$ cat run-v6.txt   # compact mmCIF, C-alpha atoms
# COMPACT_ATOMS: atom_id res chain seq x y z
CA MET A 1 0.00 0.00 0.00
CA LEU A 2 2.37 2.66 -1.30
CA PHE A 3 -0.01 5.52 -0.59
CA HIS A 4 -1.76 4.35 2.57
CA GLU A 5 -4.15 7.16 3.60
CA LYS A 6 -2.36 9.72 1.42
CA VAL A 7 -4.67 12.21 -0.29
CA VAL A 8 -4.32 12.33 -4.06
CA LEU A 9 -6.11 14.74 -6.39
CA VAL A 10 -6.36 13.62 -10.03
CA THR A 11 -7.65 15.99 -12.71
CA GLY A 12 -9.11 14.71 -15.95
CA ALA A 13 -10.13 11.57 -14.10
CA SER A 14 -13.28 10.90 -16.09
CA SER A 15 -11.57 8.83 -18.79
CA GLY A 16 -8.36 7.47 -20.23
CA ILE A 17 -5.10 7.95 -18.38
CA GLY A 18 -6.73 9.98 -15.60
CA ALA A 19 -9.30 7.31 -14.76
CA ALA A 20 -6.58 4.66 -14.66
CA ILE A 21 -4.39 6.86 -12.43
CA ALA A 22 -7.26 7.33 -9.98
CA GLU A 23 -7.87 3.59 -9.80
CA TYR A 24 -4.14 2.95 -9.27
CA PHE A 25 -3.96 5.28 -6.27
CA ALA A 26 -7.19 3.89 -4.81
CA LYS A 27 -5.82 0.38 -5.13
CA ASN A 28 -2.65 1.46 -3.35
CA GLY A 29 -4.42 2.80 -0.29
CA ALA A 30 -4.92 6.48 -1.09
CA PHE A 31 -7.88 8.71 -0.44
CA VAL A 32 -8.65 9.89 -3.97
CA ALA A 33 -10.31 13.07 -5.18
CA ILE A 34 -11.33 12.82 -8.82
CA THR A 35 -12.39 15.69 -11.02
CA GLY A 36 -13.58 16.07 -14.59
CA ARG A 37 -16.32 17.62 -16.67
CA SER A 38 -18.42 14.52 -17.35
CA LEU A 39 -20.42 13.46 -14.31
CA GLU A 40 -21.44 10.21 -16.00
CA ASN A 41 -17.84 9.23 -16.66
CA LEU A 42 -16.69 10.36 -13.22
CA GLU A 43 -19.27 8.04 -11.71
CA LYS A 44 -17.73 5.18 -13.70
CA THR A 45 -14.28 6.07 -12.36
CA LYS A 46 -15.72 6.20 -8.85
CA VAL A 47 -17.15 2.70 -9.25
CA SER A 48 -13.79 1.40 -10.50
CA CYS A 49 -12.02 2.94 -7.50
CA LYS A 50 -14.50 1.48 -5.03
CA LYS A 51 -13.94 -2.00 -6.47
CA VAL A 52 -10.28 -1.91 -5.42
CA SER A 53 -10.47 0.18 -2.24
CA SER A 54 -12.50 0.51 0.94
CA HIS A 55 -12.14 4.31 0.74
CA GLU A 56 -14.90 6.39 -0.81
CA PRO A 57 -13.54 8.62 -3.61
CA LEU A 58 -14.44 12.29 -3.55
CA LEU A 59 -16.13 13.17 -6.84
CA ILE A 60 -15.84 16.80 -8.00
CA GLN A 61 -17.58 17.61 -11.25
CA ALA A 62 -15.73 20.66 -12.49
CA ASP A 63 -13.96 22.38 -15.36
CA VAL A 64 -10.29 22.96 -14.52
CA THR A 65 -10.29 26.16 -16.59
CA LYS A 66 -13.02 27.70 -14.43
CA ASP A 67 -13.20 25.86 -11.12
CA ALA A 68 -9.63 25.49 -9.85
CA GLN A 69 -10.35 27.25 -6.56
CA ARG A 70 -13.39 25.06 -5.88
CA ILE A 71 -11.51 21.87 -6.77
CA ILE A 72 -8.77 22.57 -4.23
CA SER A 73 -11.18 23.90 -1.61
CA GLU A 74 -13.47 20.87 -1.78
CA THR A 75 -10.52 18.50 -1.60
CA ILE A 76 -9.07 20.19 1.47
CA SER A 77 -12.46 20.61 3.11
CA HIS A 78 -13.21 16.90 2.69
CA PHE A 79 -9.80 15.38 3.53
CA ASN A 80 -8.08 18.21 5.43
CA ARG A 81 -4.82 17.67 3.53
CA LEU A 82 -3.27 17.07 0.12
CA ASP A 83 -0.27 14.85 -0.55
CA VAL A 84 -0.18 14.44 -4.33
CA LEU A 85 -1.51 16.59 -7.16
CA VAL A 86 -1.70 14.87 -10.53
CA ASN A 87 -2.25 17.45 -13.26
CA ASN A 88 -3.58 15.13 -15.94
CA ALA A 89 -6.44 17.05 -17.61
CA GLY A 90 -5.55 18.00 -21.17
CA VAL A 91 -7.00 18.61 -24.61
CA LEU A 92 -5.67 18.13 -28.13
CA ARG A 93 -6.29 19.75 -31.49
CA GLY A 94 -4.10 19.49 -34.55
CA GLY A 95 -3.10 22.34 -36.80
CA SER A 96 0.01 23.81 -38.39
CA VAL A 97 1.02 27.46 -38.09
CA GLU A 98 -1.04 28.05 -41.23
CA ALA A 99 -4.13 26.28 -39.93
CA ALA A 100 -4.21 26.90 -36.17
CA THR A 101 -6.50 29.66 -34.96
CA LEU A 102 -6.48 31.90 -31.93
CA GLU A 103 -9.49 29.95 -30.68
CA ASP A 104 -7.42 26.76 -30.89
CA TYR A 105 -4.66 28.50 -28.96
CA ASP A 106 -6.96 29.69 -26.19
CA TYR A 107 -8.70 26.31 -25.96
CA MET A 108 -5.50 24.32 -25.50
CA MET A 109 -3.47 26.80 -23.50
CA ASN A 110 -6.32 27.45 -21.05
CA THR A 111 -6.66 23.74 -20.23
CA ASN A 112 -3.13 22.45 -20.75
CA VAL A 113 -1.24 25.38 -19.18
CA ARG A 114 -3.30 28.03 -17.39
CA ALA A 115 -5.36 25.52 -15.41
CA VAL A 116 -2.25 23.55 -14.42
CA PHE A 117 -0.57 26.75 -13.25
CA HIS A 118 -3.63 27.83 -11.26
CA LEU A 119 -4.24 24.45 -9.62
CA THR A 120 -0.58 24.07 -8.73
CA THR A 121 -0.27 27.49 -7.13
CA LEU A 122 -3.39 26.84 -5.07
CA ALA A 123 -2.15 23.40 -4.03
CA VAL A 124 1.39 24.43 -3.09
CA PRO A 125 0.71 25.57 0.52
CA HIS A 126 -0.99 22.25 1.27
CA LEU A 127 1.79 20.26 -0.42
CA ILE A 128 4.43 22.11 1.60
CA ALA A 129 2.54 21.20 4.76
CA SER A 130 2.48 17.51 3.82
CA HIS A 131 5.88 17.37 2.06
CA GLY A 132 3.90 16.17 -0.91
CA ASN A 133 4.57 16.32 -4.62
CA VAL A 134 3.20 17.16 -8.06
CA VAL A 135 3.13 14.90 -11.11
CA ASN A 136 2.32 16.61 -14.39
CA VAL A 137 1.11 14.55 -17.34
CA SER A 138 2.85 16.18 -20.28
CA SER A 139 3.73 14.59 -23.64
CA VAL A 140 6.61 13.64 -25.87
CA ALA A 141 5.34 16.67 -27.81
CA GLY A 142 6.84 18.78 -25.04
CA LEU A 143 10.27 17.25 -25.61
CA ARG A 144 10.35 17.05 -29.40
CA SER A 145 8.89 19.03 -32.30
CA PHE A 146 6.23 17.63 -34.62
CA PRO A 147 4.40 19.09 -37.62
CA ASN A 148 0.70 19.89 -37.65
CA CYS A 149 0.25 20.22 -33.88
CA LEU A 150 1.86 23.59 -33.16
CA VAL A 151 -0.20 24.77 -30.19
CA TYR A 152 -0.34 21.38 -28.50
CA CYS A 153 3.46 21.11 -28.68
CA MET A 154 3.77 24.64 -27.31
CA SER A 155 1.47 23.83 -24.40
CA LYS A 156 3.35 20.70 -23.39
CA ALA A 157 6.76 22.36 -23.73
CA THR A 158 5.46 25.02 -21.34
CA ILE A 159 4.42 22.35 -18.84
CA ASP A 160 7.88 20.77 -18.98
CA GLN A 161 9.53 24.12 -18.26
CA MET A 162 7.01 24.78 -15.48
CA THR A 163 7.89 21.38 -14.00
CA ARG A 164 11.56 22.27 -13.82
CA CYS A 165 11.02 25.78 -12.47
CA CYS A 166 8.55 24.65 -9.80
CA ALA A 167 10.92 21.85 -8.80
CA LEU A 168 13.64 24.41 -8.11
CA ASP A 169 11.28 26.78 -6.31
CA LEU A 170 10.01 24.05 -3.99
CA ALA A 171 13.00 21.75 -3.49
CA GLN A 172 14.09 23.37 -0.24
CA LYS A 173 10.53 23.11 1.07
CA GLY A 174 10.36 19.35 0.65
CA VAL A 175 8.05 19.30 -2.38
CA ARG A 176 9.03 17.41 -5.52
CA VAL A 177 7.67 18.21 -9.01
CA ASN A 178 8.07 15.85 -11.96
CA SER A 179 6.51 15.17 -15.34
CA VAL A 180 5.69 12.08 -17.38
CA ASN A 181 5.81 12.49 -21.16
CA PRO A 182 3.79 9.81 -22.96
CA GLY A 183 4.02 9.04 -26.63
CA VAL A 184 0.96 7.70 -28.41
CA ILE A 185 -1.20 5.95 -25.83
CA ILE A 186 -4.49 4.24 -26.64
CA THR A 187 -7.13 6.58 -25.15
CA ASP A 188 -9.97 8.66 -26.56
CA ILE A 189 -8.05 11.97 -26.70
CA HIS A 190 -7.43 11.81 -30.44
CA LYS A 191 -11.07 11.07 -31.22
CA ARG A 192 -12.14 13.91 -28.93
CA GLY A 193 -9.65 16.04 -30.88
CA GLY A 194 -11.50 15.38 -34.13
CA MET A 195 -10.33 12.04 -35.56
CA ASP A 196 -12.98 9.61 -36.77
CA ASP A 197 -12.60 5.86 -36.25
CA GLU A 198 -10.96 5.25 -39.63
CA ALA A 199 -8.46 8.07 -39.24
CA TYR A 200 -7.62 6.95 -35.71
CA GLU A 201 -6.95 3.37 -36.76
CA ALA A 202 -4.69 4.62 -39.55
CA TYR A 203 -2.91 6.88 -37.07
CA LEU A 204 -2.28 4.01 -34.64
CA GLU A 205 -0.93 1.86 -37.46
CA HIS A 206 1.38 4.63 -38.65
CA SER A 207 2.51 5.25 -35.08
CA LYS A 208 4.07 1.80 -34.99
CA THR A 209 6.71 3.24 -37.32
CA THR A 210 7.35 6.35 -35.23
CA HIS A 211 7.98 4.51 -31.96
CA ALA A 212 11.26 2.61 -31.79
CA MET A 213 9.63 -0.34 -30.05
CA GLY A 214 7.24 -0.78 -32.97
CA ARG A 215 4.01 -0.26 -31.05
CA VAL A 216 1.96 2.33 -29.21
CA GLY A 217 1.54 2.36 -25.44
CA ASN A 218 -1.24 1.60 -23.00
CA VAL A 219 -2.49 3.57 -20.02
CA GLU A 220 -1.06 1.15 -17.46
CA GLU A 221 2.46 1.96 -18.65
CA VAL A 222 1.88 5.65 -17.95
CA VAL A 223 0.14 4.96 -14.65
CA GLU A 224 3.10 3.02 -13.25
CA ALA A 225 5.43 5.95 -13.99
CA VAL A 226 3.06 8.41 -12.32
CA GLY A 227 2.97 6.15 -9.29
CA PHE A 228 6.77 5.98 -9.24
CA PHE A 229 7.14 9.76 -9.22
CA ALA A 230 4.38 10.21 -6.64
CA SER A 231 5.98 7.78 -4.19
CA ASN A 232 8.40 9.31 -1.71
CA GLU A 233 9.70 5.80 -1.07
CA LYS A 234 10.56 5.12 -4.71
CA SER A 235 11.67 8.52 -6.03
CA SER A 236 12.61 10.61 -3.00
CA PHE A 237 15.70 12.06 -4.73
CA ILE A 238 14.07 12.88 -8.07
CA THR A 239 12.65 16.30 -8.89
CA GLY A 240 12.47 18.44 -12.03
CA ALA A 241 12.51 15.34 -14.24
CA THR A 242 10.64 14.82 -17.51
CA LEU A 243 10.33 11.12 -18.25
CA PRO A 244 9.47 9.91 -21.78
CA ILE A 245 7.09 6.95 -21.79
CA ASP A 246 7.01 6.64 -25.53
CA GLY A 247 8.67 3.45 -26.74
CA GLY A 248 11.70 5.45 -27.83
CA LYS A 249 9.81 8.02 -29.94
CA HIS A 250 11.72 10.92 -28.38
CA ALA A 251 15.00 9.43 -29.63
CA MET A 252 13.87 8.96 -33.25
CA CYS A 253 13.97 11.30 -36.23
CA PRO A 254 11.24 9.91 -38.52
CA ARG A 255 10.70 11.72 -41.82
$ encode --input "run-v6.txt" --output "structure tokens"
Amino acid sequence: MLFHEKVVLVTGASSGIGAAIAEYFAKNGAFVAITGRSLENLEKTKVSCKKVSSHEPLLIQADVTKDAQRIISETISHFNRLDVLVNNAGVLRGGSVEAATLEDYDYMMNTNVRAVFHLTTLAVPHLIASHGNVVNVSSVAGLRSFPNCLVYCMSKATIDQMTRCCALDLAQKGVRVNSVNPGVIITDIHKRGGMDDEAYEAYLEHSKTTHAMGRVGNVEEVVEAVGFFASNEKSSFITGATLPIDGGKHAMCPR
């Protein structure tokens, strides 16, 4: 029970990587606060957590771009502490410099950057009190440049720099800040970003050639890395790190 009675807040917990992260922490003994926009999907995550834990998850239906203060306040009011903040909520839209619009920019930067900044600043006093830590879910797109996803790459590069800067700001106060940087992981983010089923299947097939290991990843592989960073027992001397979980994609130069 790596996180026995630790309090963990997971954003974007209504689906995909976030839902799996919430279940992981519940299974490992944590009190979990889950937040997302879809109440129906959050309820599904709550059920999954209750199947592996005797603790009742705290469900907070909210939009991270608008409700950061309420998310932190409800978590602290319910549990009276915070040990781990997992900034997982994120959105994706494609678009080159010729195609991307200011609306695309605002949409992605508000969720992927501004909300992460706001939630983190609000959480910091509580994390200092608990000697807790932050795990940001970034992307290989923060580490490497790719065509036709300008704003998304910008947003994730910003998160990686924020990870490093926050790690330095908080190191002397006993708070660690790290980032995981997945490659292509099988979730619904690409479909929510506009891909239809046929395009998504073609994208997954093509992605086998852009990942050195010849395949795409699954959510469990990301979850284990998040758990590693969040554990003071396993990663007590690691802060400011950005860890690619991408089958070697960050090391390749595909044309």
$ closest_residue --input "run-v6.txt" --among "A:Ala241, A:Met1, A:Val32, A:Leu82" --to "Val137 (chain A)" --atoms "all atoms listed in the file"
A:Ala241
$ residues_around --input "run-v6.txt" --residues "Val64 (chain A)" --least-positions-apart "2" --cutoff "10 Å" --atoms "all atoms listed in the file" --output "PDB file with C-alpha atoms, in the coordinates of the input"
ATOM      1  CA  THR A  11      -7.650  15.990 -12.710  1.00  0.00           C
ATOM      2  CA  GLY A  12      -9.110  14.710 -15.950  1.00  0.00           C
ATOM      3  CA  THR A  35     -12.390  15.690 -11.020  1.00  0.00           C
ATOM      4  CA  GLY A  36     -13.580  16.070 -14.590  1.00  0.00           C
ATOM      5  CA  ARG A  37     -16.320  17.620 -16.670  1.00  0.00           C
ATOM      6  CA  GLN A  61     -17.580  17.610 -11.250  1.00  0.00           C
ATOM      7  CA  ALA A  62     -15.730  20.660 -12.490  1.00  0.00           C
ATOM      8  CA  LYS A  66     -13.020  27.700 -14.430  1.00  0.00           C
ATOM      9  CA  ASP A  67     -13.200  25.860 -11.120  1.00  0.00           C
ATOM     10  CA  ALA A  68      -9.630  25.490  -9.850  1.00  0.00           C
ATOM     11  CA  GLN A  69     -10.350  27.250  -6.560  1.00  0.00           C
ATOM     12  CA  ARG A  70     -13.390  25.060  -5.880  1.00  0.00           C
ATOM     13  CA  ILE A  71     -11.510  21.870  -6.770  1.00  0.00           C
ATOM     14  CA  ASN A  87      -2.250  17.450 -13.260  1.00  0.00           C
ATOM     15  CA  ALA A  89      -6.440  17.050 -17.610  1.00  0.00           C
ATOM     16  CA  GLY A  90      -5.550  18.000 -21.170  1.00  0.00           C
ATOM     17  CA  ASN A 110      -6.320  27.450 -21.050  1.00  0.00           C
ATOM     18  CA  THR A 111      -6.660  23.740 -20.230  1.00  0.00           C
ATOM     19  CA  ASN A 112      -3.130  22.450 -20.750  1.00  0.00           C
ATOM     20  CA  ARG A 114      -3.300  28.030 -17.390  1.00  0.00           C
ATOM     21  CA  ALA A 115      -5.360  25.520 -15.410  1.00  0.00           C
ATOM     22  CA  VAL A 116      -2.250  23.550 -14.420  1.00  0.00           C
ATOM     23  CA  HIS A 118      -3.630  27.830 -11.260  1.00  0.00           C
ATOM     24  CA  LEU A 119      -4.240  24.450  -9.620  1.00  0.00           C
TER      25      LEU A 119
END
$ closest_residue --input "run-v6.txt" --among "A:Ala20, A:Cys166, A:Asp246, A:Val134" --to "Gly214 (chain A)" --atoms "only C-alpha atoms"
A:Asp246
$ atom_distance --input "run-v6.txt" --atom1 "CA of Asp104 (chain A)" --atom2 "CA of Gly142 (chain A)"
17.4 Å
$ residues_around --input "run-v6.txt" --residues "Thr209 (chain A)" --least-positions-apart "2" --cutoff "12 Å" --atoms "only C-alpha atoms" --output "short mmCIF file (atom, residue, chain, number, x, y, z; two decimals) with C-alpha atoms, keeping the file's coordinate frame"
data_model
loop_
_atom_site.label_atom_id
_atom_site.label_comp_id
_atom_site.auth_asym_id
_atom_site.auth_seq_id
_atom_site.Cartn_x
_atom_site.Cartn_y
_atom_site.Cartn_z
CA VAL A 184 0.96 7.70 -28.41
CA ALA A 202 -4.69 4.62 -39.55
CA TYR A 203 -2.91 6.88 -37.07
CA LEU A 204 -2.28 4.01 -34.64
CA GLU A 205 -0.93 1.86 -37.46
CA HIS A 206 1.38 4.63 -38.65
CA SER A 207 2.51 5.25 -35.08
CA HIS A 211 7.98 4.51 -31.96
CA ALA A 212 11.26 2.61 -31.79
CA MET A 213 9.63 -0.34 -30.05
CA GLY A 214 7.24 -0.78 -32.97
CA ARG A 215 4.01 -0.26 -31.05
CA VAL A 216 1.96 2.33 -29.21
CA GLY A 247 8.67 3.45 -26.74
CA GLY A 248 11.70 5.45 -27.83
CA LYS A 249 9.81 8.02 -29.94
CA MET A 252 13.87 8.96 -33.25
CA CYS A 253 13.97 11.30 -36.23
CA PRO A 254 11.24 9.91 -38.52
CA ARG A 255 10.70 11.72 -41.82
#
$ atom_distance --input "run-v6.txt" --atom1 "CA of Gly240 (chain A)" --atom2 "CA of Lys156 (chain A)"
14.7 Å
$ atom_distance --input "run-v6.txt" --atom1 "CA of Thr239 (chain A)" --atom2 "CA of Glu5 (chain A)"
22.8 Å
$ closest_residue --input "run-v6.txt" --among "A:Val52, A:Val180, A:Cys149, A:Leu39" --to "Ala99 (chain A)" --atoms "all atoms listed in the file"
A:Cys149
$ residues_around --input "run-v6.txt" --residues "Gly94 (chain A)" --least-positions-apart "6" --cutoff "12 Å" --atoms "only C-alpha atoms" --output "ChimeraX atom specification"
/A:100-101,104-105,107-108,141,146-154,189-195
$ axis_aligned_box --input "run-v6.txt" --around "region 35-52 of chain A" --padding-each-side "6 Å" --output "JSON"
{"center_x": -15.9, "center_y": 7.8, "center_z": -11.2, "size_x": 23.2, "size_y": 31.6, "size_z": 24.3}
$ closest_residue --input "run-v6.txt" --among "A:Val113, A:Ala33, A:Val135, A:Leu170" --to "Phe228 (chain A)" --atoms "all atoms listed in the file"
A:Val135
$ residues_near_point --input "run-v6.txt" --point "(-5.8, 5.4, -2.6)" --cutoff "12 Å" --atoms "only C-alpha atoms" --output "number ranges by chain"
A: 1-10, 21-34, 46, 48-58, 83-84, 227, 230
$ closest_residue --input "run-v6.txt" --among "A:Ser38, A:Ala251, A:Pro244, A:Gly18" --to "Asn88 (chain A)" --atoms "all atoms listed in the file"
A:Gly18
$ build_atoms --input "run-v6.txt" --residues "region 108-119 of chain A" --atoms "all heavy atoms" --output "PDB file, in the coordinates of the input"
ATOM      1  N   MET A 108      -6.528  25.218 -26.022  1.00  0.00           N
ATOM      2  CA  MET A 108      -5.500  24.320 -25.500  1.00  0.00           C
ATOM      3  C   MET A 108      -4.670  24.932 -24.392  1.00  0.00           C
ATOM      4  O   MET A 108      -4.382  24.280 -23.391  1.00  0.00           O
ATOM      5  CB  MET A 108      -4.602  23.839 -26.656  1.00  0.00           C
ATOM      6  CG  MET A 108      -5.236  22.729 -27.469  1.00  0.00           C
ATOM      7  SD  MET A 108      -4.190  22.084 -28.794  1.00  0.00           S
ATOM      8  CE  MET A 108      -4.560  23.252 -30.094  1.00  0.00           C
ATOM      9  N   MET A 109      -4.302  26.181 -24.531  1.00  0.00           N
ATOM     10  CA  MET A 109      -3.470  26.800 -23.500  1.00  0.00           C
ATOM     11  C   MET A 109      -4.238  26.995 -22.194  1.00  0.00           C
ATOM     12  O   MET A 109      -3.660  26.873 -21.109  1.00  0.00           O
ATOM     13  CB  MET A 109      -2.910  28.134 -24.004  1.00  0.00           C
ATOM     14  CG  MET A 109      -1.964  27.993 -25.187  1.00  0.00           C
ATOM     15  SD  MET A 109      -0.482  27.002 -24.873  1.00  0.00           S
ATOM     16  CE  MET A 109       0.557  28.191 -24.035  1.00  0.00           C
ATOM     17  N   ASN A 110      -5.527  27.275 -22.271  1.00  0.00           N
ATOM     18  CA  ASN A 110      -6.320  27.450 -21.050  1.00  0.00           C
ATOM     19  C   ASN A 110      -6.385  26.151 -20.238  1.00  0.00           C
ATOM     20  O   ASN A 110      -6.296  26.165 -19.008  1.00  0.00           O
ATOM     21  CB  ASN A 110      -7.736  27.915 -21.388  1.00  0.00           C
ATOM     22  CG  ASN A 110      -7.798  29.395 -21.678  1.00  0.00           C
ATOM     23  OD1 ASN A 110      -6.887  30.146 -21.357  1.00  0.00           O
ATOM     24  ND2 ASN A 110      -8.877  29.831 -22.313  1.00  0.00           N
ATOM     25  N   THR A 111      -6.568  25.027 -20.932  1.00  0.00           N
ATOM     26  CA  THR A 111      -6.660  23.740 -20.230  1.00  0.00           C
ATOM     27  C   THR A 111      -5.287  23.175 -19.916  1.00  0.00           C
ATOM     28  O   THR A 111      -5.022  22.745 -18.783  1.00  0.00           O
ATOM     29  CB  THR A 111      -7.446  22.724 -21.084  1.00  0.00           C
ATOM     30  OG1 THR A 111      -8.762  23.229 -21.315  1.00  0.00           O
ATOM     31  CG2 THR A 111      -7.531  21.382 -20.373  1.00  0.00           C
ATOM     32  N   ASN A 112      -4.412  23.153 -20.894  1.00  0.00           N
ATOM     33  CA  ASN A 112      -3.130  22.450 -20.750  1.00  0.00           C
ATOM     34  C   ASN A 112      -2.097  23.227 -19.950  1.00  0.00           C
ATOM     35  O   ASN A 112      -1.161  22.633 -19.411  1.00  0.00           O
ATOM     36  CB  ASN A 112      -2.545  22.140 -22.134  1.00  0.00           C
ATOM     37  CG  ASN A 112      -3.396  21.179 -22.932  1.00  0.00           C
ATOM     38  OD1 ASN A 112      -4.432  20.713 -22.471  1.00  0.00           O
ATOM     39  ND2 ASN A 112      -2.973  20.881 -24.153  1.00  0.00           N
ATOM     40  N   VAL A 113      -2.251  24.555 -19.861  1.00  0.00           N
ATOM     41  CA  VAL A 113      -1.240  25.380 -19.180  1.00  0.00           C
ATOM     42  C   VAL A 113      -1.850  26.219 -18.054  1.00  0.00           C
ATOM     43  O   VAL A 113      -1.477  26.080 -16.890  1.00  0.00           O
ATOM     44  CB  VAL A 113      -0.508  26.294 -20.178  1.00  0.00           C
ATOM     45  CG1 VAL A 113       0.512  27.172 -19.441  1.00  0.00           C
ATOM     46  CG2 VAL A 113       0.194  25.464 -21.245  1.00  0.00           C
ATOM     47  N   ARG A 114      -2.784  27.097 -18.402  1.00  0.00           N
ATOM     48  CA  ARG A 114      -3.300  28.030 -17.390  1.00  0.00           C
ATOM     49  C   ARG A 114      -3.926  27.290 -16.209  1.00  0.00           C
ATOM     50  O   ARG A 114      -3.682  27.630 -15.041  1.00  0.00           O
ATOM     51  CB  ARG A 114      -4.333  28.963 -18.018  1.00  0.00           C
ATOM     52  CG  ARG A 114      -4.815  30.074 -17.086  1.00  0.00           C
ATOM     53  CD  ARG A 114      -5.829  30.977 -17.782  1.00  0.00           C
ATOM     54  NE  ARG A 114      -6.217  32.087 -16.925  1.00  0.00           N
ATOM     55  CZ  ARG A 114      -7.144  32.031 -15.975  1.00  0.00           C
ATOM     56  NH1 ARG A 114      -7.795  30.892 -15.756  1.00  0.00           N
ATOM     57  NH2 ARG A 114      -7.429  33.090 -15.244  1.00  0.00           N
ATOM     58  N   ALA A 115      -4.718  26.267 -16.493  1.00  0.00           N
ATOM     59  CA  ALA A 115      -5.360  25.520 -15.410  1.00  0.00           C
ATOM     60  C   ALA A 115      -4.341  24.787 -14.550  1.00  0.00           C
ATOM     61  O   ALA A 115      -4.488  24.714 -13.322  1.00  0.00           O
ATOM     62  CB  ALA A 115      -6.377  24.534 -15.987  1.00  0.00           C
ATOM     63  N   VAL A 116      -3.307  24.246 -15.172  1.00  0.00           N
ATOM     64  CA  VAL A 116      -2.250  23.550 -14.420  1.00  0.00           C
ATOM     65  C   VAL A 116      -1.521  24.539 -13.511  1.00  0.00           C
ATOM     66  O   VAL A 116      -1.254  24.242 -12.342  1.00  0.00           O
ATOM     67  CB  VAL A 116      -1.273  22.864 -15.387  1.00  0.00           C
ATOM     68  CG1 VAL A 116      -0.086  22.271 -14.628  1.00  0.00           C
ATOM     69  CG2 VAL A 116      -1.986  21.781 -16.195  1.00  0.00           C
ATOM     70  N   PHE A 117      -1.203  25.709 -14.060  1.00  0.00           N
ATOM     71  CA  PHE A 117      -0.570  26.750 -13.250  1.00  0.00           C
ATOM     72  C   PHE A 117      -1.445  27.130 -12.061  1.00  0.00           C
ATOM     73  O   PHE A 117      -0.982  27.197 -10.917  1.00  0.00           O
ATOM     74  CB  PHE A 117      -0.281  27.973 -14.121  1.00  0.00           C
ATOM     75  CG  PHE A 117       0.117  29.197 -13.339  1.00  0.00           C
ATOM     76  CD1 PHE A 117       1.429  29.357 -12.909  1.00  0.00           C
ATOM     77  CD2 PHE A 117      -0.810  30.178 -13.013  1.00  0.00           C
ATOM     78  CE1 PHE A 117       1.807  30.477 -12.173  1.00  0.00           C
ATOM     79  CE2 PHE A 117      -0.449  31.296 -12.279  1.00  0.00           C
ATOM     80  CZ  PHE A 117       0.863  31.447 -11.862  1.00  0.00           C
ATOM     81  N   HIS A 118      -2.726  27.374 -12.318  1.00  0.00           N
ATOM     82  CA  HIS A 118      -3.630  27.830 -11.260  1.00  0.00           C
ATOM     83  C   HIS A 118      -3.803  26.766 -10.179  1.00  0.00           C
ATOM     84  O   HIS A 118      -3.680  27.057  -8.975  1.00  0.00           O
ATOM     85  CB  HIS A 118      -4.983  28.198 -11.880  1.00  0.00           C
ATOM     86  CG  HIS A 118      -5.845  29.011 -10.968  1.00  0.00           C
ATOM     87  ND1 HIS A 118      -7.186  29.255 -11.221  1.00  0.00           N
ATOM     88  CD2 HIS A 118      -5.580  29.631  -9.780  1.00  0.00           C
ATOM     89  CE1 HIS A 118      -7.682  29.994 -10.247  1.00  0.00           C
ATOM     90  NE2 HIS A 118      -6.744  30.236  -9.362  1.00  0.00           N
ATOM     91  N   LEU A 119      -4.066  25.533 -10.594  1.00  0.00           N
ATOM     92  CA  LEU A 119      -4.240  24.450  -9.620  1.00  0.00           C
ATOM     93  C   LEU A 119      -2.983  24.236  -8.787  1.00  0.00           C
ATOM     94  O   LEU A 119      -3.051  24.031  -7.574  1.00  0.00           O
ATOM     95  CB  LEU A 119      -4.609  23.152 -10.339  1.00  0.00           C
ATOM     96  CG  LEU A 119      -6.063  23.015 -10.783  1.00  0.00           C
ATOM     97  CD1 LEU A 119      -6.201  21.928 -11.840  1.00  0.00           C
ATOM     98  CD2 LEU A 119      -6.967  22.708  -9.591  1.00  0.00           C
TER      99      LEU A 119
END
